[in-house]
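**Q** This is work.cif (mmCIF, C-alpha atoms).
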```cif
data_my_file
loop_
_atom_site.label_atom_id
_atom_site.label_comp_id
_atom_site.auth_asym_id
_atom_site.auth_seq_id
_atom_site.Cartn_x
_atom_site.Cartn_y
_atom_site.Cartn_z
CA MET A 1 23.08 24.55 78.36
CA ARG A 2 23.87 22.53 75.23
CA PRO A 3 21.33 24.31 72.93
CA ILE A 4 22.86 27.65 73.93
CA LEU A 5 26.34 26.38 73.04
CA LEU A 6 25.17 25.13 69.64
CA LEU A 7 23.52 28.50 68.91
CA PHE A 8 26.73 30.30 69.82
CA VAL A 9 28.83 28.15 67.50
CA SER A 10 26.34 28.58 64.64
CA SER A 11 26.41 32.37 65.00
CA ALA A 12 30.19 32.38 64.98
CA LEU A 13 30.29 30.39 61.76
CA LEU A 14 27.81 32.71 60.10
CA SER A 15 29.77 35.81 61.07
CA ALA A 16 32.91 34.33 59.57
CA ALA A 17 31.27 33.82 56.16
CA PRO A 18 32.26 36.43 53.53
CA ALA A 19 29.65 39.06 52.76
CA LEU A 20 28.16 39.31 49.30
CA GLU A 21 29.68 42.32 47.54
CA VAL A 22 29.74 44.06 44.16
CA VAL A 23 33.39 44.78 43.32
CA ARG A 24 35.67 46.07 40.55
CA PRO A 25 33.10 48.25 38.71
CA ILE A 26 34.24 49.57 35.33
CA VAL A 27 32.60 52.23 33.14
CA ALA A 28 34.23 52.14 29.69
CA GLN A 29 33.63 53.58 26.23
CA SER A 30 34.16 50.27 24.46
CA ASP A 31 33.41 46.62 25.12
CA GLY A 32 36.21 45.30 27.30
CA GLY A 33 37.85 48.72 27.41
CA ALA A 34 39.68 50.32 30.32
CA ALA A 35 37.79 52.24 32.99
CA MET A 36 37.48 55.94 32.27
CA PRO A 37 39.39 58.17 34.72
CA PRO A 38 37.55 59.95 37.55
CA GLY A 39 35.91 63.16 36.36
CA PHE A 40 35.66 62.05 32.73
CA GLN A 41 32.51 63.54 31.20
CA HIS A 42 30.25 61.44 29.02
CA VAL A 43 27.67 62.95 26.66
CA GLY A 44 24.06 62.39 25.68
CA GLY A 45 23.55 59.61 23.15
CA GLU A 46 26.70 57.79 24.25
CA THR A 47 26.73 54.05 25.00
CA LEU A 48 28.54 53.06 28.18
CA PHE A 49 30.00 49.59 28.63
CA PHE A 50 29.61 48.62 32.26
CA SER A 51 31.02 45.61 34.08
CA CYS A 52 31.68 44.47 37.63
CA ARG A 53 32.34 41.32 39.65
CA ILE A 54 30.57 39.58 42.52
CA SER A 55 32.46 38.37 45.58
CA GLY A 56 31.39 36.67 48.79
CA PHE A 57 28.93 34.29 47.13
CA ALA A 58 27.98 30.93 48.59
CA LYS A 59 28.19 27.51 46.96
CA THR A 60 26.05 24.41 47.25
CA PRO A 61 27.61 21.08 48.26
CA GLU A 62 27.73 20.39 44.50
CA GLU A 63 29.96 23.51 44.06
CA LYS A 64 27.26 25.49 42.26
CA ILE A 65 26.46 29.19 42.60
CA HIS A 66 23.24 31.09 41.85
CA VAL A 67 23.28 34.89 41.86
CA ALA A 68 20.51 37.15 40.55
CA TYR A 69 21.27 40.78 39.73
CA SER A 70 19.92 43.97 38.22
CA VAL A 71 21.57 47.03 36.64
CA GLN A 72 19.92 50.41 36.07
CA ALA A 73 21.21 53.93 35.41
CA PHE A 74 19.80 57.13 36.91
CA ASP A 75 20.23 60.84 36.23
CA ALA A 76 21.38 63.43 38.76
CA LYS A 77 17.84 63.80 40.13
CA GLY A 78 17.23 60.07 40.49
CA ALA A 79 15.12 59.51 37.37
CA ALA A 80 15.79 56.20 35.60
CA LEU A 81 17.51 56.59 32.22
CA THR A 82 16.57 53.17 30.89
CA GLU A 83 14.54 50.14 31.84
CA ILE A 84 16.05 47.93 34.51
CA TYR A 85 18.24 45.08 33.24
CA LYS A 86 17.89 41.79 35.14
CA ASN A 87 19.69 38.49 34.80
CA GLU A 88 21.03 35.51 36.76
CA ILE A 89 24.35 33.74 36.99
CA VAL A 90 24.17 29.97 37.50
CA SER A 91 27.50 28.18 37.31
CA GLU A 92 29.56 25.34 38.70
CA VAL A 93 32.79 26.35 40.39
CA SER A 94 35.56 23.84 40.90
CA PRO A 95 37.89 24.01 43.94
CA GLN A 96 40.68 25.11 41.60
CA ASP A 97 38.67 28.26 40.73
CA LYS A 98 38.73 29.65 44.25
CA GLU A 99 39.78 33.13 42.97
CA TRP A 100 37.08 33.21 40.28
CA GLN A 101 34.34 35.85 40.59
CA PRO A 102 31.12 36.01 38.54
CA LYS A 103 31.10 38.88 36.04
CA ILE A 104 28.23 41.24 35.24
CA ALA A 105 28.49 43.01 31.88
CA THR A 106 25.91 45.15 30.10
CA GLU A 107 25.49 48.35 28.10
CA VAL A 108 23.95 51.59 29.33
CA GLN A 109 22.56 54.06 26.80
CA ILE A 110 22.59 57.72 27.83
CA PRO A 111 19.55 59.45 26.30
CA PRO A 112 20.16 62.51 24.11
CA LEU A 113 19.57 66.07 25.38
CA VAL A 114 20.35 65.22 29.00
CA ALA A 115 21.27 67.74 31.67
CA PRO A 116 24.80 67.93 33.07
CA GLY A 117 25.52 66.36 36.44
CA THR A 118 26.63 63.30 38.36
CA TYR A 119 24.70 60.25 37.20
CA SER A 120 24.90 56.73 38.63
CA ILE A 121 24.65 53.06 37.77
CA VAL A 122 23.00 51.05 40.53
CA VAL A 123 23.80 47.33 40.79
CA GLN A 124 21.78 45.05 43.05
CA ALA A 125 22.83 41.44 43.59
CA GLU A 126 21.18 38.60 45.49
CA ASP A 127 22.78 35.29 46.39
CA LEU A 128 19.92 32.82 46.08
CA ILE A 129 21.85 30.17 47.98
CA SER A 130 22.81 32.15 51.08
CA ASN A 131 19.84 34.55 50.78
CA THR A 132 22.10 37.59 51.08
CA LYS A 133 21.97 40.83 49.13
CA ALA A 134 24.36 43.58 48.08
CA GLU A 135 24.04 46.92 46.33
CA THR A 136 26.49 49.46 44.98
CA LYS A 137 26.15 52.80 43.22
CA VAL A 138 28.74 53.69 40.57
CA PRO A 139 28.83 57.42 39.73
CA PHE A 140 29.74 58.87 36.34
CA GLU A 141 29.80 62.44 35.05
CA VAL A 142 27.71 63.69 32.13
CA ARG A 143 28.28 66.85 30.13
CA GLY A 144 25.10 68.37 28.70
CA LYS A 145 23.32 71.57 27.79
CA MET A 146 21.67 73.39 30.64
CA VAL A 147 18.10 74.25 29.68
CA GLU A 148 15.93 75.69 32.43
CA LEU A 149 12.73 73.67 32.55
CA SER A 150 9.28 75.27 32.80
CA ASP A 151 5.78 74.34 33.94
CA THR A 152 4.34 75.98 30.82
CA LEU A 153 5.33 76.05 27.16
CA VAL A 154 8.26 78.38 26.55
CA VAL A 155 11.05 79.11 24.06
CA ARG A 156 14.54 79.42 25.54
CA ASN A 157 18.10 80.04 24.35
CA PHE A 158 17.14 81.74 21.09
CA HIS A 159 20.19 82.81 19.07
CA PHE A 160 20.99 83.83 15.49
CA TYR A 161 23.78 82.16 13.52
CA ARG A 162 25.63 82.70 10.28
CA GLY A 163 25.47 79.05 9.17
CA GLU A 164 23.48 75.95 9.96
CA ASP A 165 26.42 74.09 11.52
CA ASP A 166 27.86 77.03 13.45
CA ALA A 167 28.31 76.35 17.16
CA VAL A 168 28.86 79.96 18.19
CA ALA A 169 25.98 82.44 17.98
CA LEU A 170 26.34 85.89 16.49
CA GLU A 171 27.09 88.62 19.03
CA LYS A 172 25.24 91.04 16.77
CA ALA A 173 22.41 89.65 14.63
CA ALA A 174 23.34 91.57 11.46
CA TYR A 175 23.19 90.26 7.89
CA LYS A 176 23.55 91.50 4.34
CA PRO A 177 21.13 91.14 1.41
CA GLY A 178 21.39 87.62 0.00
CA ASP A 179 22.68 86.12 3.26
CA ALA A 180 21.32 83.00 4.92
CA VAL A 181 19.75 83.68 8.32
CA TRP A 182 19.84 80.81 10.80
CA ALA A 183 18.20 80.61 14.21
CA LYS A 184 18.44 77.94 16.89
CA PHE A 185 16.31 77.68 20.02
CA ASP A 186 14.99 75.24 22.61
CA ILE A 187 11.37 74.43 23.39
CA THR A 188 10.36 73.14 26.81
CA GLY A 189 7.41 73.16 29.19
CA TYR A 190 5.28 70.92 26.98
CA LYS A 191 3.16 68.14 28.46
CA PHE A 192 3.62 64.39 28.17
CA ALA A 193 1.14 61.71 27.21
CA GLU A 194 1.50 57.98 27.90
CA HIS A 195 5.01 56.59 27.39
CA ASN A 196 6.40 60.15 27.61
CA HIS A 197 4.87 60.93 24.23
CA ILE A 198 5.25 64.54 23.05
CA ASP A 199 3.73 66.36 20.07
CA VAL A 200 5.33 69.73 19.49
CA SER A 201 5.27 71.82 16.32
CA TYR A 202 6.40 75.31 15.33
CA VAL A 203 6.04 77.71 12.41
CA ALA A 204 8.34 80.63 11.56
CA SER A 205 7.32 83.89 9.90
CA LEU A 206 9.37 86.87 8.74
CA LEU A 207 8.12 90.43 9.21
CA ALA A 208 9.39 93.48 7.35
CA PRO A 209 10.37 96.64 9.25
CA SER A 210 6.83 97.87 8.54
CA GLY A 211 5.31 94.78 10.20
CA LYS A 212 4.17 93.27 6.90
CA VAL A 213 4.46 89.48 6.68
CA LEU A 214 7.10 88.70 4.05
CA TRP A 215 7.22 84.95 4.45
CA THR A 216 5.64 82.15 6.48
CA GLN A 217 6.91 78.61 6.76
CA PRO A 218 4.59 76.55 4.51
CA ASP A 219 4.51 73.47 6.77
CA PRO A 220 5.15 73.32 10.51
CA ALA A 221 8.22 71.55 11.84
CA VAL A 222 6.97 68.67 13.99
CA ASP A 223 8.55 66.66 16.79
CA GLN A 224 6.44 63.66 17.75
CA ASP A 225 8.37 61.35 19.99
CA GLU A 226 8.08 58.93 22.90
CA SER A 227 10.75 57.36 25.05
CA PHE A 228 11.41 55.68 28.37
CA TYR A 229 13.29 58.76 29.61
CA ALA A 230 11.26 61.96 29.30
CA LYS A 231 12.67 64.31 26.65
CA ARG A 232 13.63 67.47 28.53
CA TYR A 233 13.45 69.85 25.59
CA VAL A 234 13.18 70.04 21.82
CA ALA A 235 16.25 71.44 20.07
CA ALA A 236 14.86 73.44 17.16
CA ALA A 237 16.42 75.28 14.21
CA MET A 238 15.30 77.10 11.08
CA GLY A 239 16.86 79.05 8.25
CA ILE A 240 15.85 81.40 5.45
CA ASN A 241 17.70 83.06 2.57
CA LEU A 242 17.36 86.81 2.21
CA LEU A 243 16.71 88.13 -1.27
CA ALA A 244 19.56 90.03 -2.88
CA SER A 245 17.15 92.95 -3.24
CA THR A 246 16.35 93.10 0.51
CA LYS A 247 16.53 96.68 1.75
CA PRO A 248 18.34 97.54 4.98
CA GLY A 249 16.30 97.70 8.15
CA GLU A 250 15.22 95.81 11.25
CA PHE A 251 13.35 92.58 10.54
CA THR A 252 11.44 90.35 12.96
CA LEU A 253 11.43 86.56 13.08
CA VAL A 254 8.29 85.19 14.71
CA ILE A 255 8.28 81.63 16.06
CA SER A 256 4.83 80.22 16.88
CA VAL A 257 4.96 77.02 18.93
CA LYS A 258 2.15 74.57 19.65
CA ASP A 259 1.98 71.77 22.21
CA ASN A 260 -0.68 69.40 20.92
CA VAL A 261 -0.66 67.22 24.05
CA GLY A 262 -0.96 70.04 26.58
CA LYS A 263 -3.08 72.28 24.32
CA GLN A 264 -0.62 75.15 24.79
CA THR A 265 0.72 77.78 22.40
CA VAL A 266 3.47 80.33 22.75
CA GLU A 267 5.05 82.90 20.44
CA THR A 268 8.43 84.57 20.51
CA LYS A 269 9.61 87.52 18.38
CA GLN A 270 13.30 88.10 17.71
CA THR A 271 14.83 90.90 15.62
CA PHE A 272 17.83 91.11 13.32
CA THR A 273 19.12 93.80 11.03
CA VAL A 274 19.96 93.87 7.34
CA GLU A 275 22.76 96.32 6.62
#
```
Give the structure from this file in structure tokens form.
**A**
Amino acid sequence: MRPILLLFVSSALLSAAPALEVVRPIVAQSDGGAAMPPGFQHVGGETLFFSCRISGFAKTPEEKIHVAYSVQAFDAKGAALTEIYKNEIVSEVSPQDKEWQPKIATEVQIPPLVAPGTYSIVVQAEDLISNTKAETKVPFEVRGKMVELSDTLVVRNFHFYRGEDDAVALEKAAYKPGDAVWAKFDITGYKFAEHNHIDVSYVASLLAPSGKVLWTQPDPAVDQDESFYAKRYVAAAMGINLLASTKPGEFTLVISVKDNVGKQTVETKQTFTVE
């Protein structure tokens, strides 16, 4: 009966030990800053300053701790935003530091041109002394432009603008002779090579009301890029200046897009009037 009694006592001691836990997570906009309130919306390109603490860790007889951890951020669909960050905490804790908790602190870069949604930072910790593990998921909100993705090359969200920096598109695409004509649009549905490499180019042409080509962009605009997080779309823009002698009528802007990785092409035609 003695072995059974010893096993019972050992189990009781183990159950009384504190469980490893990731606590006090903070998502801030500056190093050491206060946690952002629930519902706060971050944006693409922003750097988040993340920190948390570890509780329930074990110590050796020499009062030392050894905790390994990883931090990685994910988008609303579970795709990793950045490479996983791994590190270890090895420290000596004196009896006077009984309230002390190891701190994890790192930065998380939100890629540009991300979709809106609830994203998350996943922290995994492992106590290498007690051989216990813990994981927590810290959500954060991201505000972004909604661009419907496509399996094939396509131009979306085409709009005319009065100026290059205008945020609001024209309700009626109407200009006067001598005006600047600006257009903004998104390109998606292109294919990816290794390391999420993309190679997208486009050329704009202007057609007169008769269909005659008045102008063609001399050199294509090119977006050659690669990144850890796949670029969802290419945000494109172009502008031309109308001649003061331009006669009124309906003109056509032709955008010819080429995906050099996927060997795809697409063309969109959009009209505006000169009054």
**Q** Counting only C-alpha atoms, figure out which residue out of A:Val90, A:Ala28, A:Leu149, A:Val122 gets nearest to A:Ala58.
**A**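 Smallest separation from A:Ala58 among the options: A:Val90.
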**Q** I'd like to see the residues matched by the PyMOL selection byres ((chain A and resi 226-242) around 9) on this file, and ideally I'd get them as a count of residues only.
**A** 48
**Q** Can you pull out the residues contacting A:Thr252? Cut-off 12 Å, using only C-alpha atoms, and skip same-chain residues under 5 positions away; I want them as a short mmCIF file (atom, residue, chain, number, x, y, z; two decimals) with C-alpha atoms, in the coordinates of the input.
**A**
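Everything below was put into part03.cif:
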```
data_model
loop_
_atom_site.label_atom_id
_atom_site.label_comp_id
_atom_site.auth_asym_id
_atom_site.auth_seq_id
_atom_site.Cartn_x
_atom_site.Cartn_y
_atom_site.Cartn_z
CA PHE A 160 20.99 83.83 15.49
CA ALA A 173 22.41 89.65 14.63
CA VAL A 181 19.75 83.68 8.32
CA ALA A 183 18.20 80.61 14.21
CA ALA A 204 8.34 80.63 11.56
CA SER A 205 7.32 83.89 9.90
CA LEU A 206 9.37 86.87 8.74
CA LEU A 207 8.12 90.43 9.21
CA ALA A 208 9.39 93.48 7.35
CA PRO A 209 10.37 96.64 9.25
CA SER A 210 6.83 97.87 8.54
CA GLY A 211 5.31 94.78 10.20
CA LYS A 212 4.17 93.27 6.90
CA VAL A 213 4.46 89.48 6.68
CA LEU A 214 7.10 88.70 4.05
CA TRP A 215 7.22 84.95 4.45
CA THR A 216 5.64 82.15 6.48
CA THR A 268 8.43 84.57 20.51
CA LYS A 269 9.61 87.52 18.38
CA GLN A 270 13.30 88.10 17.71
CA THR A 271 14.83 90.90 15.62
CA PHE A 272 17.83 91.11 13.32
CA THR A 273 19.12 93.80 11.03
CA VAL A 274 19.96 93.87 7.34
#
```
**Q** Between A:Ser201, A:Thr152, A:Asn157, A:Gln124, which residue has the minimum interatomic distance to A:Gly262, considering only C-alpha atoms?
**A**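 Nearest candidate to A:Gly262 out of A:Ser201, A:Thr152, A:Asn157, A:Gln124: A:Thr152.
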**Q** My list of candidates is A:Lys247, A:Ser55, A:Val257, A:Ser70. Which is closest to A:Glu275 when distances are computed with all atoms listed in the file?
**A**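 Of all the options, A:Lys247 lies closest to A:Glu275.
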**Q** Of the residues A:Val154, A:Lys59, A:Phe49, A:Phe140, which is the one nearest to A:Pro37, using only C-alpha atoms?
**A**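 Counting only C-alpha atoms, the residue closest to A:Pro37 is A:Phe140.
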**Q** Please determine, counting only C-alpha atoms, which residue among A:Asn87, A:Gln264, A:Gln72, A:Gln101 has the shortest atom-to-atom distance to A:Pro139.
**A**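 Smallest distance to A:Pro139 is found for A:Gln72.
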**Q** Given the PyMOL selection byres ((chain A and resi 17-24) around 12) and the file above, list the residues it selects as a VMD selection string.
**A** chain A and resid 10 to 16 25 to 27 34 to 35 50 to 59 67 to 71 101 to 105 122 to 138
**Q** At a cut-off of 9 Å, using only C-alpha atoms, what residues contact A:Thr47? Leave out same-chain residues fewer than 3 positions from it and give the result as a list of chain:residue names.
**A** A:Gln29, A:Ser30, A:Gly44, A:Glu107, A:Val108, A:Gln109, A:Ile110
**Q** How many Å lie between atom CA of A:Lys191 and atom CA of A:Val222, rounded to one decimal?
**A**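 Distance reported for this atom pair: 15.0 Å.
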**Q** Which centre and which edge lengths, in Å to one decimal, describe the axis-aligned box that holds all listed atoms of stretch 241-255 of chain A after 4 Å is added on each side, as lines of an AutoDock Vina configuration file?
**A**
```
center_x = 13.9
center_y = 89.7
center_z = 6.4
size_x = 19.3
size_y = 24.1
size_z = 27.3
```
**Q** Can you work out the spacing between atom CA of A:Pro218 and atom CA of A:Leu170 in Å, to one decimal?
**A** 26.5 Å
**Q** Taking into account only C-alpha atoms, which residue in the set A:Gly144, A:Glu171, A:Thr106, A:Lys98 is nearest to A:Gly32?
**A**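 That would be A:Thr106, the residue with the smallest distance to A:Gly32.
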**Q** Please measure the separation of atom CA of A:Ala169 and atom CA of A:Gln217, giving the value in Å to one decimal.
**A**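 About the pair atom CA of A:Ala169 and atom CA of A:Gln217: they are 22.5 Å apart.
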**Q** List as a PyMOL selection string the protein and nucleic acid residues near A:Glu141, meaning an atom at most 6 Å away when all atoms listed in the file are counted, but skip any in the same chain fewer than 3 places from it.
**A** chain A and resi 41+117-119
